[in-house]
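S.K.: Structure file target_26.pdb (PDB, C-alpha atoms) is given on the next line.
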```
ATOM      1  CA  MET A 939     231.489 211.185 -46.812
ATOM      2  CA  GLY A 940     234.150 210.401 -49.423
ATOM      3  CA  LYS A 941     236.387 213.255 -48.232
ATOM      4  CA  LYS A 942     236.205 212.154 -44.584
ATOM      5  CA  LYS A 943     236.797 208.530 -45.572
ATOM      6  CA  ASN A 944     239.841 209.450 -47.640
ATOM      7  CA  GLU A 945     241.187 211.881 -45.055
ATOM      8  CA  TYR A 946     240.935 209.629 -41.986
ATOM      9  CA  GLY A 947     240.980 206.201 -43.615
ATOM     10  CA  ILE A 948     240.304 203.273 -41.313
ATOM     11  CA  LYS A 949     239.841 205.603 -38.323
ATOM     12  CA  SER A 950     236.875 207.286 -39.998
ATOM     13  CA  GLY A 951     233.307 206.308 -39.193
ATOM     14  CA  HIS A 952     232.525 207.072 -42.828
ATOM     15  CA  PHE A 953     235.034 204.418 -43.876
ATOM     16  CA  TRP A 954     233.250 201.793 -41.787
ATOM     17  CA  LEU A 955     229.846 202.935 -43.054
ATOM     18  CA  HIS A 956     231.152 202.607 -46.611
ATOM     19  CA  ILE A 957     232.460 199.120 -45.848
ATOM     20  CA  ALA A 958     229.142 198.148 -44.223
ATOM     21  CA  ILE A 959     227.168 199.282 -47.272
ATOM     22  CA  HIS A 960     229.317 197.139 -49.546
ATOM     23  CA  LEU A 961     229.286 194.164 -47.177
ATOM     24  CA  ILE A 962     225.518 194.213 -46.836
ATOM     25  CA  THR A 963     224.986 194.663 -50.577
ATOM     26  CA  LEU A 964     227.371 191.849 -51.538
ATOM     27  CA  THR A 965     226.016 189.553 -48.844
ATOM     28  CA  ILE A 966     222.448 190.072 -50.061
ATOM     29  CA  LEU A 967     223.459 189.560 -53.681
ATOM     30  CA  LEU A 968     225.514 186.432 -53.018
ATOM     31  CA  TRP A 969     223.479 185.125 -50.076
ATOM     32  CA  ASP A 970     226.108 182.502 -49.293
ATOM     33  CA  TRP A 971     227.709 182.879 -45.879
ATOM     34  CA  ASN A 972     230.629 180.704 -46.953
ATOM     35  CA  LEU A 973     231.758 183.511 -49.241
ATOM     36  CA  TRP A 974     232.142 186.163 -46.515
ATOM     37  CA  PRO A 975     235.954 186.309 -46.837
ATOM     38  CA  VAL A 976     235.534 187.057 -50.538
ATOM     39  CA  VAL A 977     232.960 189.728 -49.721
ATOM     40  CA  ILE A 978     235.359 191.411 -47.295
ATOM     41  CA  TRP A 979     238.268 191.423 -49.747
ATOM     42  CA  VAL A 980     236.135 192.638 -52.629
ATOM     43  CA  THR A 981     234.811 195.398 -50.395
ATOM     44  CA  LEU A 982     238.315 196.423 -49.309
ATOM     45  CA  ILE A 983     239.645 196.404 -52.865
ATOM     46  CA  TYR A 984     236.641 198.274 -54.250
ATOM     47  CA  SER A 985     236.873 200.933 -51.533
ATOM     48  CA  ARG A 986     240.624 201.302 -52.221
ATOM     49  CA  GLN A 987     241.431 200.694 -48.575
ATOM     50  CA  ILE A 988     243.272 197.371 -48.920
ATOM     51  CA  GLN A 989     246.716 198.874 -48.272
ATOM     52  CA  LEU A 990     245.482 200.734 -45.195
ATOM     53  CA  PHE A 991     243.701 197.592 -43.990
ATOM     54  CA  CYS A 992     246.835 195.468 -44.444
ATOM     55  CA  SER A 993     249.055 197.950 -42.612
ATOM     56  CA  THR A 994     246.557 198.181 -39.753
ATOM     57  CA  ALA A 995     246.278 194.376 -39.617
ATOM     58  CA  SER A 996     250.072 194.188 -39.522
ATOM     59  CA  GLU A 997     250.155 196.636 -36.601
ATOM     60  CA  ILE A 998     247.592 194.536 -34.737
ATOM     61  CA  VAL A 999     249.488 191.285 -35.360
ATOM     62  CA  ASN A1000     252.718 192.868 -34.087
ATOM     63  CA  ASP A1001     251.150 194.574 -31.044
ATOM     64  CA  GLN A1002     252.585 192.697 -28.064
ATOM     65  CA  LYS A1003     250.346 194.560 -25.588
ATOM     66  CA  LEU A1004     247.247 193.419 -27.487
ATOM     67  CA  TRP A1005     248.464 189.813 -27.569
ATOM     68  CA  GLY A1006     249.210 190.048 -23.843
ATOM     69  CA  LEU A1007     245.655 191.237 -23.264
ATOM     70  CA  PHE A1008     244.286 188.349 -25.332
ATOM     71  CA  LEU A1009     246.489 185.856 -23.477
ATOM     72  CA  ALA A1010     245.441 187.235 -20.089
ATOM     73  CA  TYR A1011     241.734 186.929 -20.906
ATOM     74  CA  LEU A1012     242.339 183.432 -22.227
ATOM     75  CA  VAL A1013     244.218 182.281 -19.100
ATOM     76  CA  LEU A1014     241.599 183.829 -16.822
ATOM     77  CA  SER A1015     238.860 181.759 -18.401
ATOM     78  CA  THR A1016     238.903 177.955 -18.429
ATOM     79  CA  PRO A1017     242.583 177.346 -17.531
ATOM     80  CA  SER A1018     242.170 179.216 -14.241
ATOM     81  CA  SER A1019     238.961 177.294 -13.531
ATOM     82  CA  VAL A1020     240.802 174.017 -14.046
ATOM     83  CA  ILE A1021     243.627 175.114 -11.726
ATOM     84  CA  ILE A1022     241.213 176.217  -8.979
ATOM     85  CA  GLY A1023     239.184 173.022  -9.449
ATOM     86  CA  LYS A1024     242.297 170.858  -9.056
ATOM     87  CA  MET A1025     243.489 172.829  -6.016
ATOM     88  CA  THR A1026     240.117 172.473  -4.253
ATOM     89  CA  GLN A1027     239.274 168.970  -5.499
ATOM     90  CA  SER A1028     240.185 167.152  -2.284
ATOM     91  CA  TRP A1029     237.912 169.457  -0.247
ATOM     92  CA  SER A1030     234.978 169.092  -2.643
ATOM     93  CA  GLU A1031     235.387 165.299  -2.569
ATOM     94  CA  ASP A1032     235.649 165.380   1.238
ATOM     95  CA  MET A1033     232.326 167.248   1.420
ATOM     96  CA  GLY A1034     230.703 165.118  -1.256
ATOM     97  CA  ILE A1035     230.142 168.094  -3.544
ATOM     98  CA  SER A1036     229.553 167.145  -7.135
ATOM     99  CA  THR A1037     229.304 169.615  -9.992
ATOM    100  CA  GLY A1038     225.834 171.131 -10.020
ATOM    101  CA  SER A1039     224.539 168.925  -7.186
ATOM    102  CA  LYS A1040     222.304 171.634  -5.703
ATOM    103  CA  GLY A1041     222.499 174.444  -8.196
ATOM    104  CA  LEU A1042     222.900 175.015 -11.879
ATOM    105  CA  LYS A1043     225.370 172.791 -13.690
ATOM    106  CA  ASN A1044     228.815 174.464 -13.853
ATOM    107  CA  ALA A1045     227.424 177.698 -12.383
ATOM    108  CA  GLY A1046     230.336 178.060  -9.960
ATOM    109  CA  LYS A1047     232.817 177.701 -12.812
ATOM    110  CA  TRP A1048     231.063 180.368 -14.886
ATOM    111  CA  ILE A1049     230.695 182.721 -11.919
ATOM    112  CA  GLY A1050     234.424 182.361 -11.291
ATOM    113  CA  ILE A1051     235.297 183.019 -14.936
ATOM    114  CA  MET A1052     233.125 186.127 -15.036
ATOM    115  CA  GLU A1053     234.496 187.489 -11.771
ATOM    116  CA  ARG A1054     238.100 186.975 -12.927
ATOM    117  CA  LEU A1055     237.425 188.660 -16.272
ATOM    118  CA  LEU A1056     235.716 191.582 -14.524
ATOM    119  CA  ILE A1057     238.526 191.971 -11.983
ATOM    120  CA  PHE A1058     241.159 191.914 -14.722
ATOM    121  CA  THR A1059     239.185 194.459 -16.756
ATOM    122  CA  PHE A1060     238.803 196.714 -13.705
ATOM    123  CA  ILE A1061     242.563 196.603 -13.141
ATOM    124  CA  VAL A1062     243.319 197.355 -16.803
ATOM    125  CA  ILE A1063     241.006 200.408 -16.773
ATOM    126  CA  ASN A1064     242.255 201.542 -13.330
ATOM    127  CA  GLU A1065     238.934 201.007 -11.528
ATOM    128  CA  PHE A1066     240.334 199.300  -8.453
ATOM    129  CA  SER A1067     237.387 200.330  -6.274
ATOM    130  CA  ALA A1068     235.099 198.279  -8.529
ATOM    131  CA  ILE A1069     236.944 195.159  -7.356
ATOM    132  CA  GLY A1070     235.875 195.929  -3.794
ATOM    133  CA  PHE A1071     232.331 196.467  -5.006
ATOM    134  CA  LEU A1072     232.401 193.100  -6.793
ATOM    135  CA  LEU A1073     233.655 191.328  -3.665
ATOM    136  CA  ALA A1074     230.976 193.047  -1.556
ATOM    137  CA  ALA A1075     228.251 192.153  -4.067
ATOM    138  CA  LYS A1076     229.337 188.520  -4.143
ATOM    139  CA  SER A1077     229.396 188.449  -0.338
ATOM    140  CA  VAL A1078     225.848 189.806  -0.162
ATOM    141  CA  PHE A1079     224.583 187.196  -2.618
ATOM    142  CA  ARG A1080     226.374 184.377  -0.782
ATOM    143  CA  PHE A1081     225.448 185.600   2.719
ATOM    144  CA  GLY A1082     222.033 183.901   2.660
ATOM    145  CA  ASP A1083     223.552 180.567   1.650
ATOM    146  CA  LEU A1084     226.278 180.718   4.238
ATOM    147  CA  LYS A1085     224.426 182.151   7.253
ATOM    148  CA  ASP A1086     221.797 179.407   7.239
ATOM    149  CA  THR A1087     224.277 176.570   7.070
ATOM    150  CA  SER A1088     226.010 174.977   9.987
ATOM    151  CA  ASP A1089     228.454 173.412   7.574
ATOM    152  CA  HIS A1090     231.629 175.408   8.174
ATOM    153  CA  LYS A1091     233.495 173.320   5.606
ATOM    154  CA  LYS A1092     231.214 174.560   2.817
ATOM    155  CA  THR A1093     231.684 178.158   3.945
ATOM    156  CA  GLU A1094     235.449 177.765   4.041
ATOM    157  CA  TYR A1095     235.416 176.004   0.657
ATOM    158  CA  ILE A1096     233.510 178.885  -0.966
ATOM    159  CA  ILE A1097     235.752 181.531   0.626
ATOM    160  CA  ILE A1098     238.933 179.711  -0.430
ATOM    161  CA  GLY A1099     237.658 179.356  -4.003
ATOM    162  CA  THR A1100     236.699 183.026  -4.127
ATOM    163  CA  PHE A1101     240.070 184.164  -2.787
ATOM    164  CA  MET A1102     241.917 181.900  -5.229
ATOM    165  CA  SER A1103     239.880 183.298  -8.094
ATOM    166  CA  PHE A1104     240.392 186.912  -7.024
ATOM    167  CA  SER A1105     244.113 186.332  -6.388
ATOM    168  CA  ILE A1106     244.712 184.853  -9.829
ATOM    169  CA  ALA A1107     242.860 187.712 -11.519
ATOM    170  CA  ILE A1108     244.652 190.387  -9.497
ATOM    171  CA  ALA A1109     248.067 188.800 -10.081
ATOM    172  CA  ILE A1110     247.539 188.569 -13.845
ATOM    173  CA  GLY A1111     246.061 192.078 -13.917
ATOM    174  CA  LEU A1112     249.028 193.603 -12.088
ATOM    175  CA  TYR A1113     251.449 191.568 -14.183
ATOM    176  CA  TYR A1114     249.794 192.984 -17.301
ATOM    177  CA  LYS A1115     249.779 196.554 -15.906
ATOM    178  CA  LEU A1116     253.495 196.330 -15.194
ATOM    179  CA  ASN A1117     254.030 195.639 -18.940
ATOM    180  CA  LEU A1118     255.419 192.195 -18.275
ATOM    181  CA  PHE A1119     253.211 190.622 -20.947
TER     182      PHE A1119
END
```
Translate this file's structure into C-alpha cells.
M.R.:
Amino acid sequence: MGKKKNEYGIKSGHFWLHIAIHLITLTILLWDWNLWPVVIWVTLIYSRQIQLFCSTASEIVNDQKLWGLFLAYLVLSTPSSVIIGKMTQSWSEDMGISTGSKGLKNAGKWIGIMERLLIFTFIVINEFSAIGFLLAAKSVFRFGDLKDTSDHKKTEYIIIGTFMSFSIAIAIGLYYKLNLF
C-alpha cells in the first residue's frame, strides 16, 4: 500500500485510503467537527502528501475549464429560474397562476433546474440523444395534464417555459463545449 501510495501519489486509491484512515482516527479521537480543517492538514502533513496536495489544489484553482463548468452549473440553477420566471410572469398573472397553487410548492422551479442541469450534463458528455429522451419523458408526464384541459393558455405557458428552459441549457452547454468559458 505504501509503495503504490508513494508511486502514484494523489492519483492512487491507496493514498485516499491512507487519508481516510487518518481522518477517521483523528475525527474519532477529537470528536469535534469544528476541528475538521486541522484534521485534514494534520493528515496531509503526517502522510507527507502536503506538497502534492498543494500543487494539485493549485492546478484546480487555475483550471479555467473547471471554473467554467462550475459557473455553468451555477447559472443553470436559480439564476435561470429567475430569468424564466420574469419572462413568463405576465402570462402566469394573466392566468391567475400562483406558485404551488395546484401542485407542490416550487415544483416547477425545481423541475426546470433539474432538466437544465441534466441537459447541460448530457451535452458535456456528448449524449445528445438523451436530451431527446428527456423531452419525450417530460411530454409523456405532462400529456395527462394537458390533454384533459381546455385551457390552451396553460398548455402554451407550459410549452413556452419548457422551451425556454431547454434553450438556455442547450445554449450554455454548446457555449461550454466550444471552449468559450
S.K.: Any chance you could work out the residue set of the PyMOL selection byres ((chain A and resi 1030) around 12) here, as a PyMOL selection string?
M.R.: chain A and resi 1022-1029+1031-1039+1091-1096+1098-1099
S.K.: Determine, using all atoms listed in the file, which residues of range 1050-1072 of chain A have any atom at most 7 Å from an atom of range 1002-1019 of chain A, and tabulate each with its shortest atom pair and distance in Å to one decimal place, rows ordered by chain and then rising number, as JSON lines.
M.R.:
```
{"residue": "A:Ile1051", "atom": "CA", "partner": "A:Ser1015", "partner_atom": "CA", "distance": 5.1}
{"residue": "A:Arg1054", "atom": "CA", "partner": "A:Leu1014", "partner_atom": "CA", "distance": 6.1}
{"residue": "A:Leu1055", "atom": "CA", "partner": "A:Leu1014", "partner_atom": "CA", "distance": 6.4}
```
S.K.: For the residues in that selection, give me C-alpha atoms as a tab-separated table (two decimals), in the frame of the given file.
M.R.:
```
chain	number	residue	atom	x	y	z
A	1051	ILE	CA	235.30	183.02	-14.94
A	1054	ARG	CA	238.10	186.98	-12.93
A	1055	LEU	CA	237.42	188.66	-16.27
```
S.K.: Select, from A:Ala1045, A:Ile1057, A:Ala1074, A:Leu973, the residue with the minimum atom-to-atom distance to Phe1104 in chain A, counting all atoms listed in the file.
M.R.: A:Ile1057
S.K.: I would like the residues chosen by the PyMOL selection byres ((chain A and resi 1067-1070) around 10) on the shown file; could you give them as a ChimeraX atom specification?
M.R.: /A:1053-1054,1056-1061,1064-1066,1071-1076,1104,1108
S.K.: Hey, can you check how far CA of Ile1063 in chain A sits from CA of Ser1103 in chain A?
M.R.: 19.2 Å
S.K.: By how many Å are CA of Ile966 in chain A and CA of Lys941 in chain A apart?
M.R.: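 So the answer is 27.1 Å.
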S.K.: I need the residue nearest Gly940 in chain A from this list: A:Ile1110, A:Ile1021, A:Leu955, A:Ile1097. Use only C-alpha atoms for the distance.
M.R.: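 Residue with the minimum atom-to-atom distance to Gly940 in chain A: A:Leu955.
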S.K.: To one decimal place in Å, what is the distance between CA of Asn1117 in chain A and CA of Val1062 in chain A?
M.R.: 11.1 Å
S.K.: Please identify all polymer residues within 12 Å of Gly947 in chain A, counting only C-alpha atoms, omitting same-chain residues fewer than 2 positions from it, and present them as a PyMOL selection string.
M.R.: chain A and resi 939-945+949-957+982+985-991+993-994
S.K.: I would like the residues chosen by the PyMOL selection byres ((chain A and resi 961) around 10) on the shown file; could you give them as a list of chain:residue names?
M.R.: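 Here the PyMOL selection byres ((chain A and resi 961) around 10) matches A:Leu955, A:His956, A:Ile957, A:Ala958, A:Ile959, A:His960, A:Ile962, A:Thr963, A:Leu964, A:Thr965, A:Ile966, A:Leu967, A:Trp974, A:Val977, A:Ile978, A:Trp979, A:Val980, A:Thr981, A:Leu982.
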